[in-house]
>>> print(open('coords20.cif').read())   # mmCIF, C-alpha atoms and all ligand atoms
data_final
loop_
_atom_site.label_atom_id
_atom_site.label_comp_id
_atom_site.auth_asym_id
_atom_site.auth_seq_id
_atom_site.Cartn_x
_atom_site.Cartn_y
_atom_site.Cartn_z
CA MET A 20 33.27 11.39 -12.12
CA ALA A 21 29.95 12.09 -13.87
CA VAL A 22 26.91 12.09 -11.59
CA ARG A 23 24.75 9.05 -12.32
CA THR A 24 21.36 9.23 -13.99
CA PHE A 25 18.90 7.38 -16.24
CA VAL A 26 18.10 7.91 -19.95
CA GLY A 27 15.41 10.42 -20.99
CA GLY A 28 13.49 12.66 -18.61
CA ILE A 29 13.00 16.41 -18.29
CA HIS A 30 14.02 19.35 -16.12
CA PRO A 31 10.88 21.16 -14.96
CA ALA A 32 11.20 24.23 -12.73
CA GLN A 33 11.83 22.97 -9.20
CA CYS A 34 9.64 25.42 -7.22
CA LYS A 35 10.80 23.87 -3.91
CA TYR A 36 9.41 26.81 -1.90
CA ALA A 37 8.92 24.79 1.29
CA CYS A 38 12.47 23.54 1.51
CA ASP A 39 14.05 26.29 3.58
CA ALA A 40 11.07 26.69 5.90
CA GLY A 41 12.03 23.66 8.01
CA THR A 42 9.39 21.31 9.33
CA VAL A 43 6.25 22.31 11.20
CA THR A 44 4.70 19.80 13.61
CA ALA A 45 0.93 19.75 13.16
CA PRO A 46 -1.11 19.75 16.37
CA VAL A 47 -3.24 16.75 17.24
CA PRO A 48 -6.35 17.21 15.05
CA ALA A 49 -9.79 17.34 16.66
CA ARG A 50 -11.03 14.81 14.10
CA VAL A 51 -9.37 12.36 11.73
CA THR A 52 -10.75 10.06 9.04
CA VAL A 53 -8.40 7.15 8.61
CA PRO A 54 -8.69 5.25 5.32
CA VAL A 55 -8.73 1.48 5.59
CA GLY A 56 -6.81 -0.43 3.01
CA PRO A 57 -4.92 -0.31 0.29
CA SER A 58 -8.34 -1.63 -0.81
CA TRP A 59 -10.96 -2.08 1.88
CA VAL A 60 -12.67 -5.14 0.43
CA GLY A 61 -12.67 -7.95 3.00
CA TYR A 62 -11.44 -5.83 5.91
CA LYS A 63 -12.82 -6.48 9.35
CA VAL A 64 -13.52 -3.36 11.41
CA LEU A 65 -12.12 -3.94 14.90
CA ALA A 66 -13.25 -0.61 16.34
CA PRO A 67 -16.86 0.07 15.28
CA LYS A 68 -18.76 3.29 15.93
CA GLY A 69 -18.77 4.18 19.64
CA THR A 70 -15.46 2.43 20.49
CA GLU A 71 -12.98 4.33 22.68
CA VAL A 72 -9.54 4.00 21.06
CA LYS A 73 -5.94 4.82 21.95
CA VAL A 74 -2.96 5.88 19.85
CA GLY A 75 -1.64 2.96 17.80
CA GLN A 76 -4.69 0.75 18.37
CA LYS A 77 -5.70 -1.46 15.43
CA LEU A 78 -8.89 -0.17 13.80
CA ALA A 79 -9.27 -2.70 10.99
CA ASP A 80 -7.41 -5.65 9.53
CA ASN A 81 -7.61 -8.27 6.81
CA GLU A 82 -5.68 -11.53 6.68
CA GLY A 83 -5.12 -11.30 2.91
CA PHE A 84 -1.45 -11.24 1.85
CA MET A 85 -1.80 -7.85 0.09
CA CYS A 86 -3.36 -6.21 3.17
CA VAL A 87 -2.04 -4.28 6.14
CA PRO A 88 -3.85 -3.17 9.30
CA THR A 89 -4.99 0.40 9.96
CA HIS A 90 -4.21 2.04 13.32
CA SER A 91 -5.57 4.99 15.20
CA PRO A 92 -3.35 8.11 15.11
CA VAL A 93 -5.18 9.69 18.08
CA SER A 94 -6.89 8.67 21.29
CA GLY A 95 -10.62 9.35 21.41
CA LYS A 96 -13.89 7.89 20.17
CA VAL A 97 -14.86 6.33 16.84
CA VAL A 98 -17.82 8.38 15.60
CA ASP A 99 -18.23 6.82 12.17
CA ALA A 100 -17.03 3.88 10.07
CA LYS A 101 -18.46 4.09 6.58
CA PRO A 102 -17.45 4.25 2.92
CA TYR A 103 -16.28 7.65 1.67
CA ARG A 104 -14.93 8.91 -1.64
CA ALA A 105 -11.20 9.51 -1.30
CA HIS A 106 -9.16 12.18 -3.14
CA THR A 107 -8.43 9.59 -5.86
CA GLY A 108 -12.14 9.31 -6.65
CA LEU A 109 -12.16 5.71 -5.38
CA GLU A 110 -14.40 4.56 -2.58
CA PHE A 111 -12.71 3.64 0.71
CA LEU A 112 -13.86 2.70 4.15
CA GLY A 113 -13.05 5.62 6.42
CA ILE A 114 -12.96 5.41 10.22
CA THR A 115 -13.61 8.80 11.76
CA ILE A 116 -12.36 9.45 15.28
CA GLU A 117 -12.94 12.46 17.50
CA SER A 118 -9.79 13.08 19.48
CA ASP A 119 -9.91 13.52 23.28
CA GLY A 120 -6.59 15.39 23.10
CA LYS A 121 -4.92 13.06 25.60
CA GLN A 122 -2.91 10.98 23.11
CA GLU A 123 -2.94 7.94 25.40
CA LEU A 124 -0.85 5.11 24.02
CA CYS A 125 -2.37 1.71 23.33
CA GLU A 126 -1.14 -1.11 25.59
CA GLY A 127 1.55 -3.24 24.02
CA ILE A 128 3.25 -0.41 22.07
CA ALA A 129 6.93 -1.22 22.65
CA PRO A 130 10.21 -1.08 20.75
CA VAL A 131 11.81 -4.21 19.29
CA GLU A 132 14.74 -5.11 21.53
CA ASP A 133 16.30 -8.02 19.66
CA LEU A 134 16.46 -7.04 15.98
CA ASP A 135 19.74 -8.85 15.38
CA SER A 136 18.35 -12.19 16.53
CA MET A 137 15.17 -11.95 14.41
CA THR A 138 14.65 -13.93 11.21
CA PRO A 139 13.81 -12.05 7.97
CA GLU A 140 10.27 -13.42 8.20
CA GLU A 141 9.83 -12.10 11.76
CA ILE A 142 11.08 -8.68 10.64
CA ARG A 143 8.63 -8.63 7.71
CA ASN A 144 5.82 -9.56 10.07
CA VAL A 145 6.60 -6.61 12.37
CA ILE A 146 6.58 -4.35 9.28
CA ARG A 147 3.21 -5.75 8.17
CA GLU A 148 1.67 -5.41 11.62
CA ALA A 149 2.80 -1.75 11.69
CA GLY A 150 0.67 -1.06 8.59
CA MET A 151 3.61 -0.06 6.37
CA LEU A 152 2.73 1.05 2.84
CA GLY A 153 5.04 2.70 0.29
CA MET A 154 5.16 6.36 1.33
CA GLY A 155 6.42 7.65 -2.01
CA GLY A 156 2.81 7.70 -3.23
CA ALA A 157 2.21 4.18 -4.56
CA GLU A 158 0.97 2.81 -1.20
CA PHE A 159 2.11 -0.70 -2.10
CA PRO A 160 2.29 -2.95 1.01
CA THR A 161 5.94 -2.95 2.15
CA HIS A 162 5.95 -6.49 3.56
CA VAL A 163 4.80 -7.77 0.15
CA LYS A 164 7.66 -5.95 -1.56
CA LEU A 165 10.09 -7.53 0.90
CA SER A 166 8.65 -11.07 0.50
CA LEU A 167 10.55 -12.46 -2.46
CA PRO A 168 9.07 -15.30 -4.54
CA GLN A 169 10.44 -18.79 -3.88
CA GLY A 170 13.96 -19.18 -5.24
CA VAL A 171 14.46 -15.46 -6.00
CA LYS A 172 17.49 -13.75 -4.47
CA VAL A 173 18.39 -10.06 -4.47
CA ASP A 174 21.79 -8.51 -3.76
CA THR A 175 21.01 -4.82 -3.21
CA VAL A 176 18.47 -2.59 -1.51
CA VAL A 177 18.03 0.76 -3.26
CA VAL A 178 16.58 3.48 -1.05
CA ASN A 179 14.80 6.08 -3.11
CA GLY A 180 15.66 9.66 -2.14
CA GLY A 181 15.03 11.03 -5.63
CA GLU A 182 12.09 13.33 -4.84
CA CYS A 183 12.23 14.77 -8.33
CA GLU A 184 8.67 16.16 -8.45
CA PRO A 185 8.48 19.96 -8.44
CA TYR A 186 7.28 21.56 -5.16
CA LEU A 187 7.70 18.39 -3.02
CA THR A 188 10.18 18.63 -0.14
CA SER A 189 9.02 16.07 2.42
CA ASP A 190 11.66 13.45 1.56
CA HIS A 191 14.35 16.15 1.46
CA ARG A 192 13.42 17.35 4.95
CA MET A 193 13.19 13.74 6.20
CA MET A 194 16.66 12.87 4.87
CA THR A 195 18.19 16.01 6.38
CA GLU A 196 16.42 15.99 9.75
CA LYS A 197 16.08 12.25 10.33
CA ALA A 198 19.09 10.83 8.49
CA ASP A 199 19.80 8.39 11.36
CA LYS A 200 16.28 6.96 11.06
CA VAL A 201 16.48 6.63 7.25
CA VAL A 202 19.78 4.74 7.56
CA HIS A 203 18.58 2.58 10.47
CA GLY A 204 15.43 1.70 8.48
CA THR A 205 17.65 0.85 5.51
CA TYR A 206 19.58 -1.58 7.72
CA ILE A 207 16.30 -3.23 8.84
CA VAL A 208 15.19 -3.60 5.22
CA MET A 209 18.58 -5.17 4.34
CA ARG A 210 18.07 -7.68 7.18
CA SER A 211 14.52 -8.45 6.00
CA VAL A 212 15.70 -9.53 2.52
CA GLY A 213 19.09 -10.89 3.56
CA VAL A 214 21.43 -8.56 1.64
CA LYS A 215 24.69 -6.88 2.67
CA ARG A 216 24.56 -3.90 0.31
CA ALA A 217 22.32 -0.83 0.14
CA ILE A 218 22.49 2.36 -1.91
CA ILE A 219 20.61 5.48 -0.88
CA GLY A 220 20.18 7.45 -4.11
CA VAL A 221 19.72 11.21 -3.63
CA GLU A 222 19.54 13.93 -6.29
CA ASP A 223 22.58 16.22 -6.21
CA ASN A 224 20.41 19.31 -5.66
CA LYS A 225 20.08 18.19 -2.00
CA PRO A 226 23.67 18.49 -0.70
CA ASP A 227 22.58 18.89 2.95
CA ALA A 228 20.65 15.60 2.77
CA ILE A 229 23.63 13.85 1.14
CA ALA A 230 25.94 15.13 3.91
CA ALA A 231 23.58 14.09 6.74
CA LEU A 232 22.98 10.63 5.27
CA THR A 233 26.68 10.06 4.56
CA ALA A 234 27.52 10.85 8.21
CA ALA A 235 24.75 8.50 9.44
CA ALA A 236 25.67 5.69 7.01
CA GLY A 237 29.26 5.71 8.33
CA LYS A 238 28.03 3.80 11.40
CA TYR A 239 26.92 0.81 9.26
CA GLN A 240 28.64 -1.68 6.96
CA GLY A 241 27.55 -1.78 3.33
CA ILE A 242 25.35 1.34 3.12
CA GLU A 243 26.44 3.83 0.46
CA VAL A 244 24.95 7.27 -0.25
CA MET A 245 25.03 7.98 -4.01
CA PRO A 246 24.43 11.47 -5.46
CA LEU A 247 22.32 11.34 -8.63
CA LYS A 248 21.74 13.93 -11.32
CA SER A 249 18.76 16.15 -10.63
CA SER A 250 16.30 15.16 -13.36
CA TYR A 251 12.65 14.14 -13.55
CA PRO A 252 11.59 11.26 -13.00
CA GLN A 253 14.78 10.24 -11.13
CA GLY A 254 12.61 9.00 -8.25
CA TYR A 255 10.78 6.43 -10.38
CA GLU A 256 11.70 2.90 -9.33
CA LYS A 257 13.05 1.70 -12.67
CA ALA A 258 14.88 4.98 -13.30
CA ILE A 259 16.66 4.95 -9.93
CA ILE A 260 17.73 1.31 -10.44
CA LYS A 261 19.24 2.26 -13.80
CA ALA A 262 20.92 5.31 -12.29
CA THR A 263 22.38 3.61 -9.21
CA LEU A 264 23.26 0.15 -10.56
CA GLY A 265 23.09 0.44 -14.35
CA ARG A 266 20.55 -2.42 -14.41
CA GLU A 267 17.48 -2.32 -16.61
CA VAL A 268 14.23 -3.82 -15.38
CA PRO A 269 12.62 -5.53 -18.42
CA PRO A 270 9.13 -4.43 -19.53
CA GLY A 271 6.45 -5.91 -17.31
CA ALA A 272 8.99 -7.16 -14.74
CA LEU A 273 9.56 -6.11 -11.12
CA PRO A 274 12.84 -4.86 -9.56
CA PHE A 275 13.61 -8.23 -7.93
CA SER A 276 14.07 -9.63 -11.48
CA VAL A 277 17.37 -7.68 -11.57
CA GLY A 278 18.31 -8.46 -7.97
CA VAL A 279 16.97 -5.29 -6.35
CA VAL A 280 14.41 -4.21 -3.78
CA VAL A 281 13.49 -0.51 -3.71
CA VAL A 282 11.97 1.38 -0.76
CA ASN A 283 11.29 5.06 -0.28
CA VAL A 284 13.26 7.07 2.33
CA GLY A 285 10.05 7.91 4.22
CA THR A 286 9.17 4.20 4.44
CA ALA A 287 12.67 3.42 5.73
CA ALA A 288 12.33 6.10 8.45
CA ALA A 289 8.85 4.84 9.42
CA ILE A 290 10.18 1.28 9.73
CA SER A 291 12.94 2.55 12.02
CA ASP A 292 10.30 4.37 14.10
CA ARG A 293 8.35 1.15 14.56
CA PHE A 294 11.43 -0.74 15.77
CA THR A 295 12.71 2.03 18.07
CA THR A 296 9.45 3.41 19.51
CA GLY A 297 6.89 0.67 18.88
CA LEU A 298 4.58 3.05 17.02
CA PRO A 299 2.89 1.84 13.82
CA LEU A 300 2.56 4.11 10.79
CA ILE A 301 0.32 6.94 12.03
CA LYS A 302 2.25 10.07 10.96
CA ARG A 303 4.11 11.31 7.92
CA TYR A 304 5.86 14.35 6.41
CA VAL A 305 3.62 16.24 3.96
CA THR A 306 4.71 19.18 1.79
CA VAL A 307 2.15 21.99 1.78
CA SER A 308 3.29 24.27 -1.00
CA GLY A 309 2.53 26.12 -4.20
CA GLU A 310 2.04 29.71 -5.31
CA ALA A 311 -1.40 29.77 -3.61
CA VAL A 312 -0.13 28.78 -0.13
CA SER A 313 0.67 31.69 2.23
CA ARG A 314 3.59 30.05 4.06
CA PRO A 315 4.79 26.89 2.26
CA ALA A 316 6.27 24.34 4.66
CA THR A 317 6.83 20.66 5.27
CA VAL A 318 4.39 19.47 7.92
CA GLU A 319 4.65 16.41 10.15
CA ALA A 320 1.00 15.38 10.29
CA TYR A 321 -1.19 12.56 11.55
CA ILE A 322 -2.65 10.23 8.90
CA GLY A 323 -6.33 11.12 8.48
CA THR A 324 -5.90 14.87 9.07
CA TYR A 325 -7.94 16.91 6.59
CA ALA A 326 -5.94 18.76 3.93
CA SER A 327 -7.83 21.98 4.74
CA GLU A 328 -6.37 21.97 8.28
CA LEU A 329 -2.82 21.57 7.00
CA VAL A 330 -3.31 24.45 4.56
CA GLU A 331 -4.66 26.60 7.41
CA LEU A 332 -1.58 25.71 9.46
CA CYS A 333 0.49 27.14 6.60
CA GLY A 334 -1.37 30.44 6.65
CA GLY A 335 -4.27 29.46 4.36
CA VAL A 336 -4.83 30.11 0.66
CA LYS A 337 -3.03 33.10 -0.85
CA GLY A 338 -4.60 34.90 -3.82
CA GLU A 339 -6.79 33.06 -6.29
CA LEU A 340 -6.58 29.26 -6.18
CA GLY A 341 -6.14 27.72 -9.65
CA LYS A 342 -5.79 24.04 -8.84
CA ALA A 343 -5.38 21.86 -5.73
CA ILE A 344 -3.36 18.66 -6.07
CA PHE A 345 -2.69 15.72 -3.76
CA GLY A 346 0.95 14.81 -4.54
CA GLY A 347 3.14 16.68 -7.00
CA PRO A 348 1.99 18.46 -10.17
CA MET A 349 3.44 15.78 -12.49
CA MET A 350 1.99 12.60 -10.99
CA GLY A 351 -0.43 13.85 -8.37
CA VAL A 352 -4.23 13.93 -8.43
CA ALA A 353 -6.17 17.19 -8.85
CA VAL A 354 -8.90 17.44 -6.20
CA PRO A 355 -12.15 19.43 -6.26
CA SER A 356 -11.75 20.63 -2.65
CA LEU A 357 -9.47 20.37 0.39
CA ASP A 358 -12.04 18.39 2.33
CA PHE A 359 -10.12 15.10 2.02
CA PRO A 360 -8.00 13.39 4.67
CA ILE A 361 -4.34 12.66 4.00
CA THR A 362 -3.35 9.02 3.56
CA LYS A 363 -0.10 7.12 4.16
CA GLY A 364 0.94 7.95 0.59
CA THR A 365 0.18 11.70 0.61
CA SER A 366 3.56 13.30 0.01
CA GLY A 367 2.19 16.76 -0.66
CA ILE A 368 -0.71 19.14 -1.02
CA VAL A 369 0.12 21.56 -3.80
CA LEU A 370 -2.01 24.63 -4.45
CA LEU A 371 -1.30 26.30 -7.78
CA GLY A 372 -2.34 29.88 -8.46
CA ARG A 373 -4.45 30.88 -11.48
CA GLN A 374 -1.30 31.71 -13.44
CA GLN A 375 0.34 28.30 -12.94
CA ALA A 376 -2.86 26.31 -13.53
CA LEU A 377 -3.57 27.79 -16.96
CA PHE A 378 -5.05 25.27 -19.32
CA TRP A 379 -3.59 25.26 -22.79
CA LYS A 380 -5.50 24.81 -25.99
CA GLU A 381 -4.47 21.57 -27.65
CA MET A 382 -3.23 21.63 -31.25
CA PRO A 383 -2.60 18.89 -33.84
CA CYS A 384 0.56 16.80 -33.48
CA ILE A 385 3.42 18.28 -35.55
CA ARG A 386 5.45 15.04 -35.33
CA CYS A 387 8.38 16.78 -33.69
CA GLY A 388 9.33 13.62 -31.78
CA ARG A 389 10.07 15.41 -28.49
CA CYS A 390 7.75 13.11 -26.56
CA ASN A 391 9.73 10.07 -27.77
CA GLU A 392 13.04 11.66 -26.79
CA VAL A 393 12.09 12.25 -23.14
CA CYS A 394 10.17 9.05 -22.40
CA PRO A 395 12.21 7.22 -19.73
CA MET A 396 10.51 3.94 -20.72
CA PHE A 397 11.56 4.32 -24.39
CA LEU A 398 7.94 4.31 -25.55
CA GLN A 399 6.44 6.17 -28.51
CA PRO A 400 3.89 8.35 -26.71
CA SER A 401 2.56 10.07 -29.86
CA GLU A 402 1.79 6.72 -31.51
CA ILE A 403 0.17 5.16 -28.43
CA HIS A 404 -1.86 8.36 -27.99
CA LYS A 405 -2.99 8.19 -31.64
CA TYR A 406 -4.22 4.60 -31.30
CA ALA A 407 -5.80 5.22 -27.89
CA LEU A 408 -7.78 8.16 -29.34
CA ALA A 409 -8.92 5.92 -32.19
CA GLU A 410 -9.95 3.36 -29.54
CA ASP A 411 -7.62 0.86 -31.20
CA MET A 412 -6.38 -0.37 -27.83
CA ALA A 413 -4.92 -3.57 -29.30
CA ARG A 414 -2.45 -1.52 -31.39
CA ALA A 415 -1.68 0.70 -28.38
CA GLU A 416 -0.98 -2.41 -26.31
CA LYS A 417 1.41 -3.73 -28.96
CA LEU A 418 3.40 -0.50 -28.46
CA PHE A 419 3.84 -1.42 -24.76
CA ALA A 420 1.27 1.01 -23.34
CA ALA A 421 1.26 -1.11 -20.15
CA ASP A 422 4.84 -0.03 -19.41
CA CYS A 423 3.94 3.66 -19.15
CA MET A 424 4.83 4.91 -15.66
CA GLU A 425 2.50 7.92 -16.03
CA CYS A 426 5.35 10.35 -15.36
CA GLY A 427 3.86 13.02 -17.63
CA CYS A 428 7.19 13.92 -19.29
CA CYS A 429 5.67 13.51 -22.76
CA SER A 430 2.76 15.86 -22.07
CA TYR A 431 5.13 18.35 -20.43
CA VAL A 432 7.35 18.77 -23.50
CA CYS A 433 4.66 18.53 -26.18
CA PRO A 434 4.55 21.91 -28.02
CA SER A 435 1.04 21.09 -29.24
CA LYS A 436 -0.15 20.45 -25.68
CA ARG A 437 -1.58 17.07 -26.63
CA PRO A 438 -3.16 15.30 -23.60
CA LEU A 439 -0.80 12.35 -24.11
CA VAL A 440 -0.63 10.93 -20.61
CA GLN A 441 -4.41 10.82 -20.16
CA SER A 442 -5.01 8.74 -23.32
CA ILE A 443 -1.97 6.52 -22.65
CA LYS A 444 -3.30 5.84 -19.15
CA LEU A 445 -6.53 4.52 -20.71
CA ALA A 446 -4.59 2.26 -23.07
CA LYS A 447 -2.52 1.06 -20.11
CA GLN A 448 -5.62 0.21 -18.09
CA TYR A 449 -6.98 -1.74 -21.06
CA ALA A 450 -3.70 -3.65 -21.45
CA LEU A 451 -3.42 -4.43 -17.72
CA ALA A 452 -7.04 -5.61 -17.55
CA ARG A 453 -6.41 -7.93 -20.51
CA ARG A 454 -3.24 -9.29 -18.85
CA LYS A 455 -5.20 -9.99 -15.66
CA LYS A 456 -7.82 -11.94 -17.60
S1 LIG A 501 4.55 7.59 -22.26
FE1 LIG A 501 4.31 7.29 -20.08
S2 LIG A 501 6.38 6.81 -19.34
FE2 LIG A 501 6.61 7.73 -21.38
S3 LIG A 501 6.89 9.94 -20.97
FE3 LIG A 501 4.69 9.62 -21.31
S4 LIG A 501 3.85 9.33 -19.26
FE4 LIG A 501 6.08 9.02 -19.08
S1 LIG A 502 5.67 16.06 -28.65
FE1 LIG A 502 3.53 16.47 -29.21
S2 LIG A 502 3.67 17.40 -31.25
FE2 LIG A 502 5.66 16.39 -30.84
S3 LIG A 502 5.43 14.31 -31.71
FE3 LIG A 502 4.89 14.18 -29.55
S4 LIG A 502 2.63 14.46 -29.59
FE4 LIG A 502 3.36 15.19 -31.54
#
>>> encode(input="coords20.cif", output="structure tokens")
Amino acid sequence: MAVRTFVGGIHPAQCKYACDAGTVTAPVPARVTVPVGPSWVGYKVLAPKGTEVKVGQKLADNEGFMCVPTHSPVSGKVVDAKPYRAHTGLEFLGITIESDGKQELCEGIAPVEDLDSMTPEEIRNVIREAGMLGMGGAEFPTHVKLSLPQGVKVDTVVVNGGECEPYLTSDHRMMTEKADKVVHGTYIVMRSVGVKRAIIGVEDNKPDAIAALTAAAGKYQGIEVMPLKSSYPQGYEKAIIKATLGREVPPGALPFSVGVVVVNVGTAAAISDRFTTGLPLIKRYVTVSGEAVSRPATVEAYIGTYASELVELCGGVKGELGKAIFGGPMMGVAVPSLDFPITKGTSGIVLLGRQQALFWKEMPCIRCGRCNEVCPMFLQPSEIHKYALAEDMARAEKLFAADCMECGCCSYVCPSKRPLVQSIKLAKQYALARRKK
């Protein structure tokens, strides 16, 4: 049987250097800066400067539906709570804690004993209180994703083990080393939305992960592990729904419109951790890789650890650094320095060498159509780009610029090296702002 996939996409070099190195556990950092949010507006700081805190203690919270609390990854003292500019360029409230090295647990941290007698709403509340955000990079609040609008029903949970971005290996290591947790978290998510079927989609270039997950899933009813073709962007929500179930999410719609809820494998494992250990989301797997890293590895690190410390743990910078990226090279964010703390959505820190970070001179469009062929959203990137450059955003919007998933496939294949994704992003922002109005 043919391995399942979506339509379009590309096959960039994988460069998964960190994959065979196993996972390194980062030591407790001397200092962390924990970002509050998804957006910090309206958050109440519960541990102001000078407060002694313990591991798992709530640092800030906001009652808004789209908000989750922030917890301390270390025990120690809050030395600062002030706005800082995050790696994305956006301003966040950061709570800086100096660790006392004792890692004393906060009172009340305890596993959930009675999962099977809990209602879906109670399960979602535990997930919210644990500060769960999408760990694939989007950082969308998980409890919101699992709270379906009135009258909407879904029949399947899709667990995203695509990890199609070059260099990134954190999901691969998670699925191989913590398959039981990924599957247990999948079961909890199924309970939270009331479905009896889940599919864990994994690219077929990760046979060890597929084997580990298949063995773990055998202990549960209704959880299937499905190998998918290795192709970029297989890990994009709409692409993995098409690949696993053959369903197409209409433009502008969300996965629940086709009866599906999607969560990332890292999120599933973190949810399992909360139910089995009581710990909120304070740690994650981060890939530290790239031609300019001495010893690429996947690192289990505390949220709020500075990227520079994780790079040092992997032997430091090797040769001449061309570009540093938070996330993968296709959808990640280039950063001016490593002096930024990791967040719940930081899947990787990729350091490219001079050779890999070469900037190409852009040439006029030769109308070859390659960008149209690879676009997984069936857009016309060259046309949207043309109108965006002409600042004719209304025309760009009519060509569905808002549906661009910013995967970068169009820019990747363009022989003229047109900066397609950058201009389409602008048109998308314009279209989304207009929709909001
Ligand atoms: S237009 Fe958007 S969705 Fe389509 S290939 Fe380009 S970046 Fe990806
Ligand atoms: S791939 Fe580049 S050169 Fe070809 S049509 Fe698209 S924008 Fe033009």
>>> residues_near_ligand(input="coords20.cif", ligand="ligand LIG 502 (chain A)", cutoff="9 Å", atoms="all atoms listed in the file", output="PyMOL selection string")
chain A and resi 382-392+399-402+404-405+429-439
>>> residues_near_ligand(input="coords20.cif", ligand="ligand LIG 501 (chain A)", cutoff="8 Å", atoms="only C-alpha atoms and all ligand atoms", output="list of chain:residue names")
A:Gly28, A:Cys390, A:Asn391, A:Val393, A:Cys394, A:Pro395, A:Met396, A:Phe397, A:Leu398, A:Gln399, A:Pro400, A:Ile403, A:Ala420, A:Asp422, A:Cys423, A:Met424, A:Glu425, A:Cys426, A:Gly427, A:Cys428, A:Cys429, A:Ser430, A:Leu439, A:Val440, A:Ile443, A:Lys444
>>> residues_around(input="coords20.cif", residues="segment 33-35 of chain A", least_positions_apart="4", cutoff="8 Å", atoms="all atoms listed in the file", output="PyMOL selection string")
chain A and resi 184-188+309
>>> residues_around(input="coords20.cif", residues="segment 358-368 of chain A", least_positions_apart="2", cutoff="9 Å", atoms="all atoms listed in the file", output="PyMOL selection string")
chain A and resi 51-54+104-106+151-158+186-190+300-309+317+320-330+343-347+351+354-356+370
>>> atom_distance(input="coords20.cif", atom1="atom CA of Arg414 of chain A", atom2="atom CA of Pro269 of chain A")
20.3 Å
>>> atom_distance(input="coords20.cif", atom1="atom CA of Gly108 of chain A", atom2="atom CA of Ala353 of chain A")
10.1 Å
>>> closest_residue(input="coords20.cif", among="A:Val43, A:Ala262, A:Ala446, A:Ile242", to="Lys215 of chain A", atoms="only C-alpha atoms")
A:Ile242
>>> atom_distance(input="coords20.cif", atom1="atom CA of Gly278 of chain A", atom2="atom CA of Ile218 of chain A")
13.1 Å
>>> closest_residue(input="coords20.cif", among="A:Lys257, A:His30, A:Lys68, A:Lys164", to="Cys86 of chain A", atoms="all atoms listed in the file")
A:Lys164
>>> residues_around(input="coords20.cif", residues="Lys238 of chain A", least_positions_apart="4", cutoff="12 Å", atoms="only C-alpha atoms", output="mmCIF file with C-alpha atoms, in the coordinates of the input")
data_model
loop_
_atom_site.group_PDB
_atom_site.id
_atom_site.type_symbol
_atom_site.label_atom_id
_atom_site.label_comp_id
_atom_site.auth_asym_id
_atom_site.auth_seq_id
_atom_site.Cartn_x
_atom_site.Cartn_y
_atom_site.Cartn_z
ATOM 1 C CA ALA A 198 19.090 10.830 8.490
ATOM 2 C CA ASP A 199 19.800 8.390 11.360
ATOM 3 C CA VAL A 202 19.780 4.740 7.560
ATOM 4 C CA HIS A 203 18.580 2.580 10.470
ATOM 5 C CA TYR A 206 19.580 -1.580 7.720
ATOM 6 C CA LEU A 232 22.980 10.630 5.270
ATOM 7 C CA THR A 233 26.680 10.060 4.560
ATOM 8 C CA ALA A 234 27.520 10.850 8.210
ATOM 9 C CA ILE A 242 25.350 1.340 3.120
ATOM 10 C CA GLU A 243 26.440 3.830 0.460
#
>>> residues_around(input="coords20.cif", residues="Lys172 of chain A", least_positions_apart="4", cutoff="10 Å", atoms="all atoms listed in the file", output="number ranges by chain")
A: 167-168, 212-214, 275-279
>>> write_last_selection(input="coords20.cif", atoms="C-alpha atoms", output="short mmCIF file (atom, residue, chain, number, x, y, z; two decimals), keeping the file's coordinate frame")
data_model
loop_
_atom_site.label_atom_id
_atom_site.label_comp_id
_atom_site.auth_asym_id
_atom_site.auth_seq_id
_atom_site.Cartn_x
_atom_site.Cartn_y
_atom_site.Cartn_z
CA LEU A 167 10.55 -12.46 -2.46
CA PRO A 168 9.07 -15.30 -4.54
CA VAL A 212 15.70 -9.53 2.52
CA GLY A 213 19.09 -10.89 3.56
CA VAL A 214 21.43 -8.56 1.64
CA PHE A 275 13.61 -8.23 -7.93
CA SER A 276 14.07 -9.63 -11.48
CA VAL A 277 17.37 -7.68 -11.57
CA GLY A 278 18.31 -8.46 -7.97
CA VAL A 279 16.97 -5.29 -6.35
#
